[in-house]
$ cat query-v4.cif   # mmCIF, C-alpha atoms
data_my_file
#
loop_
_atom_site.group_PDB
_atom_site.id
_atom_site.type_symbol
_atom_site.label_atom_id
_atom_site.label_comp_id
_atom_site.auth_asym_id
_atom_site.auth_seq_id
_atom_site.Cartn_x
_atom_site.Cartn_y
_atom_site.Cartn_z
ATOM 1 C CA MET A 3 6.033 -58.114 -63.452
ATOM 2 C CA VAL A 4 7.423 -54.962 -61.952
ATOM 3 C CA ASP A 5 7.382 -51.667 -63.789
ATOM 4 C CA CYS A 6 7.707 -48.029 -62.834
ATOM 5 C CA ASP A 7 4.180 -46.864 -63.486
ATOM 6 C CA GLY A 8 2.005 -45.276 -60.838
ATOM 7 C CA GLN A 9 4.779 -44.147 -58.499
ATOM 8 C CA LEU A 10 2.948 -40.943 -57.736
ATOM 9 C CA TYR A 11 -0.203 -42.836 -56.833
ATOM 10 C CA THR A 12 1.823 -45.007 -54.516
ATOM 11 C CA ILE A 13 3.316 -42.007 -52.746
ATOM 12 C CA GLU A 14 -0.104 -40.460 -52.445
ATOM 13 C CA GLY A 15 -1.502 -43.621 -51.008
ATOM 14 C CA VAL A 16 1.288 -43.906 -48.444
ATOM 15 C CA SER A 17 0.896 -40.239 -47.445
ATOM 16 C CA ALA A 18 -2.841 -40.509 -47.049
ATOM 17 C CA GLY A 19 -2.388 -43.638 -44.991
ATOM 18 C CA LEU A 20 0.101 -41.881 -42.719
ATOM 19 C CA ILE A 21 -2.216 -38.926 -42.201
ATOM 20 C CA MET A 22 -5.115 -41.199 -41.334
ATOM 21 C CA LEU A 23 -3.018 -43.255 -38.930
ATOM 22 C CA LEU A 24 -1.700 -40.111 -37.212
ATOM 23 C CA THR A 25 -5.195 -38.680 -36.927
ATOM 24 C CA ALA A 26 -6.505 -41.848 -35.375
ATOM 25 C CA TYR A 27 -3.548 -41.954 -32.980
ATOM 26 C CA ILE A 28 -4.016 -38.354 -31.875
ATOM 27 C CA VAL A 29 -7.775 -38.586 -31.523
ATOM 28 C CA LEU A 30 -7.587 -41.764 -29.466
ATOM 29 C CA GLY A 31 -4.557 -40.740 -27.444
ATOM 30 C CA GLY A 32 -5.464 -37.118 -26.853
ATOM 31 C CA THR A 33 -6.751 -35.754 -23.565
ATOM 32 C CA SER A 34 -10.275 -34.415 -23.684
ATOM 33 C CA ILE A 35 -11.270 -31.543 -21.450
ATOM 34 C CA TYR A 36 -14.982 -31.245 -21.057
ATOM 35 C CA THR A 37 -14.996 -27.931 -19.169
ATOM 36 C CA PRO A 38 -14.697 -24.768 -21.199
ATOM 37 C CA GLY A 39 -11.049 -23.874 -21.419
ATOM 38 C CA ASP A 40 -11.721 -20.315 -20.365
ATOM 39 C CA THR A 41 -13.141 -21.153 -16.948
ATOM 40 C CA HIS A 42 -9.829 -21.265 -15.171
ATOM 41 C CA ILE A 43 -8.652 -18.067 -16.767
ATOM 42 C CA SER A 44 -11.702 -16.114 -15.598
ATOM 43 C CA ASP A 45 -11.366 -17.726 -12.160
ATOM 44 C CA MET A 46 -7.828 -16.474 -11.980
ATOM 45 C CA GLN A 47 -8.898 -12.957 -12.890
ATOM 46 C CA LEU A 48 -11.781 -13.010 -10.418
ATOM 47 C CA GLU A 49 -9.470 -14.156 -7.656
ATOM 48 C CA GLN A 50 -7.013 -11.391 -8.377
ATOM 49 C CA LEU A 51 -9.799 -8.805 -8.471
ATOM 50 C CA GLY A 52 -11.151 -9.937 -5.111
ATOM 51 C CA SER A 53 -7.703 -10.013 -3.512
ATOM 52 C CA ASP A 54 -6.987 -6.510 -4.745
ATOM 53 C CA ALA A 55 -10.317 -5.210 -3.466
ATOM 54 C CA LEU A 56 -9.691 -6.700 -0.018
ATOM 55 C CA ARG A 57 -6.164 -5.335 0.046
ATOM 56 C CA MET A 58 -7.434 -1.867 -0.789
ATOM 57 C CA MET A 59 -9.931 -2.133 2.037
ATOM 58 C CA ASN A 60 -7.165 -3.218 4.397
ATOM 59 C CA THR A 61 -5.013 -0.200 3.624
ATOM 60 C CA PRO A 62 -5.210 2.654 6.113
ATOM 61 C CA VAL A 63 -6.573 5.881 4.729
ATOM 62 C CA ASN A 64 -3.829 8.215 3.512
ATOM 63 C CA GLY A 65 -1.190 5.727 4.533
ATOM 64 C CA THR A 66 -1.348 6.752 8.163
ATOM 65 C CA MET A 67 -0.867 4.400 11.099
ATOM 66 C CA THR A 68 -4.590 4.409 11.793
ATOM 67 C CA GLU A 69 -6.837 1.441 11.392
ATOM 68 C CA SER A 70 -7.756 0.337 7.901
ATOM 69 C CA PRO A 71 -11.441 0.423 6.902
ATOM 70 C CA LEU A 72 -11.514 -3.373 6.915
ATOM 71 C CA GLN A 73 -10.123 -3.510 10.447
ATOM 72 C CA SER A 74 -12.801 -1.230 11.819
ATOM 73 C CA MET A 75 -15.485 -3.136 9.901
ATOM 74 C CA ILE A 76 -14.400 -6.338 11.637
ATOM 75 C CA GLU A 77 -14.148 -4.695 15.028
ATOM 76 C CA THR A 78 -17.569 -3.055 14.833
ATOM 77 C CA ASN A 79 -19.105 -5.934 12.849
ATOM 78 C CA ASN A 80 -20.102 -3.464 10.169
ATOM 79 C CA GLY A 81 -21.447 -5.847 7.527
ATOM 80 C CA ALA A 82 -23.405 -3.161 5.687
ATOM 81 C CA GLY A 83 -20.295 -1.011 5.313
ATOM 82 C CA PHE A 84 -18.326 -4.022 4.071
ATOM 83 C CA THR A 85 -20.997 -4.787 1.480
ATOM 84 C CA THR A 86 -21.051 -1.235 0.186
ATOM 85 C CA THR A 87 -17.297 -0.827 -0.070
ATOM 86 C CA PHE A 88 -16.502 -4.271 -1.400
ATOM 87 C CA LEU A 89 -19.188 -4.238 -4.095
ATOM 88 C CA ASN A 90 -18.148 -0.736 -5.039
ATOM 89 C CA TYR A 91 -14.534 -1.836 -5.543
ATOM 90 C CA CYS A 92 -15.468 -5.033 -7.380
ATOM 91 C CA ASN A 93 -18.267 -3.874 -9.608
ATOM 92 C CA ASN A 94 -16.903 -0.592 -10.854
ATOM 93 C CA MET A 95 -15.934 -0.652 -14.492
ATOM 94 C CA THR A 96 -15.001 1.955 -16.998
ATOM 95 C CA GLY A 97 -18.021 2.937 -19.031
ATOM 96 C CA SER A 98 -21.632 3.011 -18.020
ATOM 97 C CA HIS A 99 -22.101 -0.688 -17.228
ATOM 98 C CA ALA A 100 -21.364 -2.136 -13.823
ATOM 99 C CA GLU A 101 -20.033 -5.623 -13.206
ATOM 100 C CA ASN A 102 -22.431 -8.004 -11.465
ATOM 101 C CA LEU A 103 -20.288 -9.694 -8.829
ATOM 102 C CA GLN A 104 -21.812 -11.161 -5.714
ATOM 103 C CA PHE A 105 -20.057 -12.224 -2.531
ATOM 104 C CA SER A 106 -20.451 -13.925 0.782
ATOM 105 C CA ALA A 107 -17.947 -12.994 3.482
ATOM 106 C CA SER A 108 -17.088 -14.565 6.782
ATOM 107 C CA VAL A 109 -14.520 -13.970 9.485
ATOM 108 C CA THR A 110 -12.397 -16.810 10.805
ATOM 109 C CA TYR A 111 -10.834 -16.561 14.249
ATOM 110 C CA ARG A 112 -9.437 -18.826 16.924
ATOM 111 C CA ASN A 113 -11.476 -19.548 20.001
ATOM 112 C CA ILE A 114 -8.986 -19.109 22.834
ATOM 113 C CA ASN A 115 -10.965 -21.391 25.157
ATOM 114 C CA ASP A 116 -10.672 -24.592 23.168
ATOM 115 C CA GLY A 117 -8.276 -23.606 20.404
ATOM 116 C CA GLN A 118 -10.844 -24.312 17.715
ATOM 117 C CA ILE A 119 -10.893 -22.366 14.486
ATOM 118 C CA GLU A 120 -14.348 -20.864 14.112
ATOM 119 C CA SER A 121 -16.101 -18.605 11.627
ATOM 120 C CA TYR A 122 -19.009 -16.261 11.676
ATOM 121 C CA PRO A 123 -20.703 -14.612 8.702
ATOM 122 C CA LEU A 124 -19.815 -10.982 8.173
ATOM 123 C CA ALA A 125 -21.886 -9.956 5.182
ATOM 124 C CA ALA A 126 -23.335 -11.301 1.960
ATOM 125 C CA SER A 127 -24.766 -9.586 -1.048
ATOM 126 C CA ARG A 128 -26.755 -12.692 -1.924
ATOM 127 C CA ASN A 129 -27.402 -16.038 -0.297
ATOM 128 C CA LEU A 130 -25.372 -18.980 -1.481
ATOM 129 C CA THR A 131 -27.476 -21.589 -3.229
ATOM 130 C CA GLY A 132 -24.664 -23.999 -3.982
ATOM 131 C CA GLY A 133 -24.891 -23.537 -7.732
ATOM 132 C CA GLU A 134 -22.475 -20.674 -7.958
ATOM 133 C CA HIS A 135 -19.079 -21.071 -9.464
ATOM 134 C CA ALA A 136 -17.281 -19.140 -6.769
ATOM 135 C CA VAL A 137 -13.661 -18.420 -6.014
ATOM 136 C CA LYS A 138 -12.352 -17.818 -2.505
ATOM 137 C CA VAL A 139 -10.238 -14.815 -1.621
ATOM 138 C CA THR A 140 -8.859 -14.050 1.804
ATOM 139 C CA GLU A 141 -7.227 -11.252 3.735
ATOM 140 C CA TRP A 142 -5.487 -11.284 7.089
ATOM 141 C CA VAL A 143 -6.636 -8.620 9.483
ATOM 142 C CA ILE A 144 -5.380 -7.507 12.854
ATOM 143 C CA ALA A 145 -8.514 -6.835 14.843
ATOM 144 C CA ASP A 146 -8.608 -5.241 18.278
ATOM 145 C CA LYS A 147 -11.643 -7.232 19.292
ATOM 146 C CA LYS A 148 -13.056 -9.563 21.906
ATOM 147 C CA PHE A 149 -13.727 -12.653 19.805
ATOM 148 C CA THR A 150 -15.921 -15.463 21.111
ATOM 149 C CA GLY A 151 -14.152 -17.338 23.872
ATOM 150 C CA SER A 152 -11.988 -14.393 24.853
ATOM 151 C CA ASN A 153 -12.452 -12.226 27.920
ATOM 152 C CA VAL A 154 -10.093 -9.404 27.060
ATOM 153 C CA GLN A 155 -10.067 -7.118 24.087
ATOM 154 C CA LYS A 156 -6.693 -7.147 22.388
ATOM 155 C CA ASN A 157 -5.077 -7.407 18.985
ATOM 156 C CA ARG A 158 -5.914 -10.712 17.362
ATOM 157 C CA ALA A 159 -5.266 -12.163 13.956
ATOM 158 C CA ALA A 160 -8.373 -12.988 11.956
ATOM 159 C CA LEU A 161 -8.879 -14.145 8.424
ATOM 160 C CA VAL A 162 -11.558 -12.562 6.270
ATOM 161 C CA GLU A 163 -12.747 -15.134 3.769
ATOM 162 C CA VAL A 164 -14.831 -14.017 0.824
ATOM 163 C CA LEU A 165 -16.553 -16.223 -1.706
ATOM 164 C CA LEU A 166 -16.851 -14.264 -4.902
ATOM 165 C CA TRP A 167 -18.862 -15.143 -7.972
ATOM 166 C CA ARG A 168 -20.322 -13.565 -11.053
ATOM 167 C CA GLY A 169 -24.030 -13.340 -10.462
ATOM 168 C CA MET B 93 -2.545 -49.114 -72.355
ATOM 169 C CA ALA B 94 -1.394 -45.510 -72.224
ATOM 170 C CA ARG B 95 1.522 -44.688 -69.990
ATOM 171 C CA MET B 96 0.819 -42.694 -66.899
ATOM 172 C CA ASN B 97 1.404 -38.975 -67.328
ATOM 173 C CA GLU B 98 4.352 -37.971 -65.151
ATOM 174 C CA ASP B 99 4.082 -34.206 -65.604
ATOM 175 C CA ALA B 100 3.569 -31.806 -62.705
ATOM 176 C CA GLN B 101 5.119 -34.038 -60.037
ATOM 177 C CA TRP B 102 6.449 -30.972 -58.290
ATOM 178 C CA ILE B 103 2.982 -29.531 -57.975
ATOM 179 C CA VAL B 104 1.680 -32.742 -56.480
ATOM 180 C CA LEU B 105 4.641 -32.881 -54.078
ATOM 181 C CA MET B 106 3.917 -29.319 -52.953
ATOM 182 C CA GLY B 107 0.329 -30.389 -52.379
ATOM 183 C CA PHE B 108 1.539 -33.107 -50.016
ATOM 184 C CA ILE B 109 3.768 -30.699 -48.150
ATOM 185 C CA VAL B 110 0.998 -28.156 -47.735
ATOM 186 C CA SER B 111 -1.450 -30.745 -46.469
ATOM 187 C CA PHE B 112 1.085 -32.039 -43.951
ATOM 188 C CA SER B 113 1.708 -28.459 -42.801
ATOM 189 C CA PHE B 114 -2.004 -27.921 -42.235
ATOM 190 C CA PHE B 115 -2.120 -31.129 -40.306
ATOM 191 C CA PHE B 116 0.621 -30.104 -37.909
ATOM 192 C CA LEU B 117 -0.755 -26.574 -37.563
ATOM 193 C CA ALA B 118 -4.069 -28.128 -36.512
ATOM 194 C CA MET B 119 -2.209 -30.184 -33.914
ATOM 195 C CA ILE B 120 -0.605 -27.063 -32.465
ATOM 196 C CA LEU B 121 -3.946 -25.255 -32.423
ATOM 197 C CA ASN B 122 -5.381 -28.230 -30.613
ATOM 198 C CA GLN B 123 -2.942 -27.690 -27.740
ATOM 199 C CA ALA B 124 -4.006 -24.078 -27.155
ATOM 200 C CA THR B 125 -6.893 -24.926 -24.836
ATOM 201 C CA VAL B 126 -4.762 -27.182 -22.697
ATOM 202 C CA VAL B 127 -2.025 -24.578 -22.470
ATOM 203 C CA GLY B 128 -4.468 -21.883 -21.345
ATOM 204 C CA GLN B 129 -5.972 -24.159 -18.751
ATOM 205 C CA THR B 130 -2.755 -25.419 -17.240
ATOM 206 C CA THR B 131 -1.261 -21.933 -17.129
ATOM 207 C CA ALA B 132 -4.280 -20.545 -15.311
ATOM 208 C CA GLU B 133 -4.260 -23.517 -12.960
ATOM 209 C CA SER B 134 -0.628 -22.941 -12.137
ATOM 210 C CA VAL B 135 -1.355 -19.314 -11.365
ATOM 211 C CA LEU B 136 -4.272 -20.314 -9.153
ATOM 212 C CA ASP B 137 -2.151 -22.893 -7.350
ATOM 213 C CA PHE B 138 0.733 -20.565 -6.654
ATOM 214 C CA PRO B 139 -0.079 -18.807 -3.355
ATOM 215 C CA LYS B 140 1.168 -15.381 -4.356
ATOM 216 C CA ASN B 141 -1.603 -13.526 -2.571
ATOM 217 C CA ASP B 142 -1.310 -15.710 0.518
ATOM 218 C CA VAL B 143 2.401 -15.108 0.840
ATOM 219 C CA ARG B 144 2.029 -11.360 0.350
ATOM 220 C CA ASP B 145 -0.833 -11.262 2.790
ATOM 221 C CA VAL B 146 0.964 -13.206 5.498
ATOM 222 C CA LYS B 147 4.014 -11.017 5.060
ATOM 223 C CA ALA B 148 1.911 -7.864 5.311
ATOM 224 C CA VAL B 149 0.111 -8.924 8.469
ATOM 225 C CA ILE B 150 3.331 -10.030 10.170
ATOM 226 C CA ILE B 151 5.056 -6.753 9.377
ATOM 227 C CA GLN B 152 2.015 -4.850 10.554
ATOM 228 C CA SER B 153 1.940 -6.835 13.777
ATOM 229 C CA SER B 154 5.454 -5.717 14.641
ATOM 230 C CA SER B 155 4.244 -2.144 15.065
ATOM 231 C CA VAL B 156 1.159 -2.799 17.173
ATOM 232 C CA PRO B 157 1.026 -4.419 20.594
ATOM 233 C CA THR B 158 0.482 -8.155 20.211
ATOM 234 C CA ASP B 159 1.021 -11.117 22.486
ATOM 235 C CA ALA B 160 1.415 -14.870 22.163
ATOM 236 C CA ASP B 161 -2.250 -15.290 21.311
ATOM 237 C CA PHE B 162 -1.730 -13.338 18.130
ATOM 238 C CA ARG B 163 1.004 -15.679 16.990
ATOM 239 C CA THR B 164 -1.087 -18.727 17.792
ATOM 240 C CA ASP B 165 -4.037 -17.182 15.950
ATOM 241 C CA LEU B 166 -1.953 -16.629 12.867
ATOM 242 C CA GLN B 167 -0.313 -20.031 12.891
ATOM 243 C CA SER B 168 -3.397 -22.096 13.630
ATOM 244 C CA ILE B 169 -5.669 -20.266 11.206
ATOM 245 C CA ALA B 170 -3.042 -20.520 8.476
ATOM 246 C CA LEU B 171 -2.705 -24.234 9.132
ATOM 247 C CA SER B 172 -6.419 -24.847 9.302
ATOM 248 C CA ARG B 173 -7.633 -22.671 6.438
ATOM 249 C CA LYS B 174 -4.609 -22.448 4.156
ATOM 250 C CA ASN B 175 -2.837 -25.739 4.854
ATOM 251 C CA ALA B 176 0.229 -23.621 5.368
ATOM 252 C CA VAL B 177 2.882 -23.739 8.057
ATOM 253 C CA VAL B 178 3.737 -20.184 8.990
ATOM 254 C CA ASN B 179 6.412 -19.130 11.399
ATOM 255 C CA TYR B 180 8.138 -15.850 12.032
ATOM 256 C CA SER B 181 10.445 -14.085 14.397
ATOM 257 C CA VAL B 182 10.665 -10.387 15.026
ATOM 258 C CA THR B 183 13.822 -8.639 16.155
ATOM 259 C CA LEU B 184 12.877 -5.214 17.392
ATOM 260 C CA PRO B 185 15.188 -2.194 16.995
ATOM 261 C CA ASN B 186 17.940 -1.757 19.519
ATOM 262 C CA PRO B 187 18.805 1.936 19.314
ATOM 263 C CA PRO B 188 21.246 3.536 19.063
ATOM 264 C CA ALA B 189 23.232 0.513 17.854
ATOM 265 C CA ASP B 190 20.632 -0.639 15.360
ATOM 266 C CA ILE B 191 17.470 1.155 14.431
ATOM 267 C CA HIS B 192 16.087 -1.524 12.135
ATOM 268 C CA THR B 193 13.399 -4.096 12.698
ATOM 269 C CA TYR B 194 14.248 -7.544 11.355
ATOM 270 C CA ILE B 195 11.595 -10.108 10.607
ATOM 271 C CA ASN B 196 12.160 -13.676 9.475
ATOM 272 C CA ILE B 197 9.175 -15.142 7.708
ATOM 273 C CA HIS B 198 8.712 -18.801 6.891
ATOM 274 C CA TYR B 199 5.840 -20.067 4.762
ATOM 275 C CA ASN B 200 5.327 -23.606 3.517
ATOM 276 C CA ASN B 201 2.114 -25.035 2.128
ATOM 277 C CA GLY B 202 3.610 -28.278 0.943
ATOM 278 C CA VAL B 203 4.003 -27.102 -2.625
ATOM 279 C CA THR B 204 5.454 -23.645 -2.251
ATOM 280 C CA LEU B 205 8.189 -22.918 0.242
ATOM 281 C CA TYR B 206 8.960 -19.300 0.964
ATOM 282 C CA ASP B 207 11.470 -17.763 3.340
ATOM 283 C CA GLU B 208 12.244 -14.137 3.714
ATOM 284 C CA MET B 209 14.230 -11.895 5.974
ATOM 285 C CA TRP B 210 12.625 -8.513 5.971
ATOM 286 C CA ALA B 211 14.377 -5.444 7.314
ATOM 287 C CA SER B 212 12.750 -2.122 7.965
ATOM 288 C CA LEU B 213 14.157 1.056 6.486
#
$ encode --input "query-v4.cif" --output "structure tokens"
Amino acid sequence: MVDCDGQLYTIEGVSAGLIMLLTAYIVLGGTSIYTPGDTHISDMQLEQLGSDALRMMNTPVNGTMTESPLQSMIETNNGAGFTTTFLNYCNNMTGSHAENLQFSASVTYRNINDGQIESYPLAASRNLTGGEHAVKVTEWVIADKKFTGSNVQKNRAALVEVLLWRG
Amino acid sequence: MARMNEDAQWIVLMGFIVSFSFFFLAMILNQATVVGQTTAESVLDFPKNDVRDVKAVIIQSSSVPTDADFRTDLQSIALSRKNAVVNYSVTLPNPPADIHTYINIHYNNGVTLYDEMWASL
């Protein structure tokens, strides 16, 4: 026998059932990300910081047509100077605390003899152990240098590659 | 048997609505992590710094003496290290008719295609 009692209980039951079904659907169908969601955001910021630091180093002093500090560091293989300047740009913060960024830099050039792309280490503030979560930043440099495989000193394009991580 | 009390149905209905609202708010909150991640990934994937850098070095090269080796350096290193095809052509000033330098820059890394014609002041 049908009567009109308990309508509210019926609605409640149907609603609860819907919520449970939806929850199960979303939990089972959702994508799980097991890395912390912030990792990529801090990577992005680190990459931008490193790019900016390299760009500053590759800007001639006072905007003149002289060589940039980075250019002369490549040409004279001045790894110590690179370390000082780069860490200074990267680790400076407002306030009394400094950032603790570490880097490992290398220079990539083309060997004219065989056309191979080769690299040599320029400087590193710490050795890479393989456990770092590093980002790579790069900067093109025009270097008036006799790279390996070349007999004459002339303007060449080289790529400074820096691995940057928070130590 | 006593009849069921049908008072306060509105209050119960509001209760349903509020609980559904919480449910959907939780769903939206749940998406926040994914949104942050994909946005940052998109920014990392977009070669903004590479394009700027290539443009800067090409413009700089037009004002210093370079030869064919420089071009090959640039193109092969970009291909090898950046997976990017880079090409450019420089039209030097021809005074007094035209005192401007024109540079065509082409950059393509398979995802981002960038072309620019740069003219000096």
$ atom_distance --input "query-v4.cif" --atom1 "atom CA of B:Leu136" --atom2 "atom CA of B:Asn175"
15.1 Å
$ residues_near_point --input "query-v4.cif" --point "(-8.9, -12.5, -3.7)" --cutoff "12 Å" --atoms "all atoms listed in the file" --output "NGL selection string"
(:A and (45-59 or 88 or 92 or 105 or 107 or 136-142 or 162-167)) or (:B and (136 or 139-142 or 144-145))
$ interface_residues --input "query-v4.cif" --of "chain B" --to "chain A" --cutoff "6 Å" --atoms "all atoms listed in the file" --output "list in words"
Thr125, Gln129, Ala132, Leu136, Thr158, Phe162, Asp165 and Leu166 of chain B
$ atom_distance --input "query-v4.cif" --atom1 "atom CA of B:Ile150" --atom2 "atom CA of B:Tyr180"
7.8 Å
$ resolve_selection --input "query-v4.cif" --expression "the PyMOL selection byres ((chain A and resi 101) around 12)" --output "PyMOL selection string"
chain A and resi 48+51+89-100+102-104+167-169
$ residues_around --input "query-v4.cif" --residues "B:Ser154" --least-positions-apart "3" --cutoff "12 Å" --atoms "all atoms listed in the file" --output "PDB file with C-alpha atoms, in the frame of the given file"
ATOM      1  CA  ILE A 144      -5.380  -7.507  12.854  1.00  0.00           C
ATOM      2  CA  ASN A 157      -5.077  -7.407  18.985  1.00  0.00           C
TER       3      ASN A 157
ATOM      4  CA  LYS B 147       4.014 -11.017   5.060  1.00  0.00           C
ATOM      5  CA  ALA B 148       1.911  -7.864   5.311  1.00  0.00           C
ATOM      6  CA  VAL B 149       0.111  -8.924   8.469  1.00  0.00           C
ATOM      7  CA  ILE B 150       3.331 -10.030  10.170  1.00  0.00           C
ATOM      8  CA  ILE B 151       5.056  -6.753   9.377  1.00  0.00           C
ATOM      9  CA  PRO B 157       1.026  -4.419  20.594  1.00  0.00           C
ATOM     10  CA  THR B 158       0.482  -8.155  20.211  1.00  0.00           C
ATOM     11  CA  ASP B 159       1.021 -11.117  22.486  1.00  0.00           C
ATOM     12  CA  PHE B 162      -1.730 -13.338  18.130  1.00  0.00           C
ATOM     13  CA  ARG B 163       1.004 -15.679  16.990  1.00  0.00           C
ATOM     14  CA  TYR B 180       8.138 -15.850  12.032  1.00  0.00           C
ATOM     15  CA  SER B 181      10.445 -14.085  14.397  1.00  0.00           C
ATOM     16  CA  VAL B 182      10.665 -10.387  15.026  1.00  0.00           C
ATOM     17  CA  THR B 183      13.822  -8.639  16.155  1.00  0.00           C
ATOM     18  CA  LEU B 184      12.877  -5.214  17.392  1.00  0.00           C
ATOM     19  CA  PRO B 185      15.188  -2.194  16.995  1.00  0.00           C
ATOM     20  CA  HIS B 192      16.087  -1.524  12.135  1.00  0.00           C
ATOM     21  CA  THR B 193      13.399  -4.096  12.698  1.00  0.00           C
ATOM     22  CA  TYR B 194      14.248  -7.544  11.355  1.00  0.00           C
ATOM     23  CA  ILE B 195      11.595 -10.108  10.607  1.00  0.00           C
ATOM     24  CA  ASN B 196      12.160 -13.676   9.475  1.00  0.00           C
ATOM     25  CA  TRP B 210      12.625  -8.513   5.971  1.00  0.00           C
ATOM     26  CA  ALA B 211      14.377  -5.444   7.314  1.00  0.00           C
ATOM     27  CA  SER B 212      12.750  -2.122   7.965  1.00  0.00           C
TER      28      SER B 212
END
$ atom_distance --input "query-v4.cif" --atom1 "atom CA of A:Pro71" --atom2 "atom CA of A:Ser152"
23.3 Å
$ residues_around --input "query-v4.cif" --residues "A:Gly81" --least-positions-apart "5" --cutoff "9 Å" --atoms "all atoms listed in the file" --output "PDB file with C-alpha atoms, keeping the file's coordinate frame"
ATOM      1  CA  MET A  75     -15.485  -3.136   9.901  1.00  0.00           C
ATOM      2  CA  ILE A  76     -14.400  -6.338  11.637  1.00  0.00           C
ATOM      3  CA  THR A  86     -21.051  -1.235   0.186  1.00  0.00           C
ATOM      4  CA  ALA A 107     -17.947 -12.994   3.482  1.00  0.00           C
ATOM      5  CA  PRO A 123     -20.703 -14.612   8.702  1.00  0.00           C
ATOM      6  CA  LEU A 124     -19.815 -10.982   8.173  1.00  0.00           C
ATOM      7  CA  ALA A 125     -21.886  -9.956   5.182  1.00  0.00           C
ATOM      8  CA  ALA A 126     -23.335 -11.301   1.960  1.00  0.00           C
TER       9      ALA A 126
END
$ residues_around --input "query-v4.cif" --residues "B:Asn200" --least-positions-apart "4" --cutoff "9 Å" --atoms "all atoms listed in the file" --output "MDAnalysis selection string"
chainID B and resid 175:178 204:207
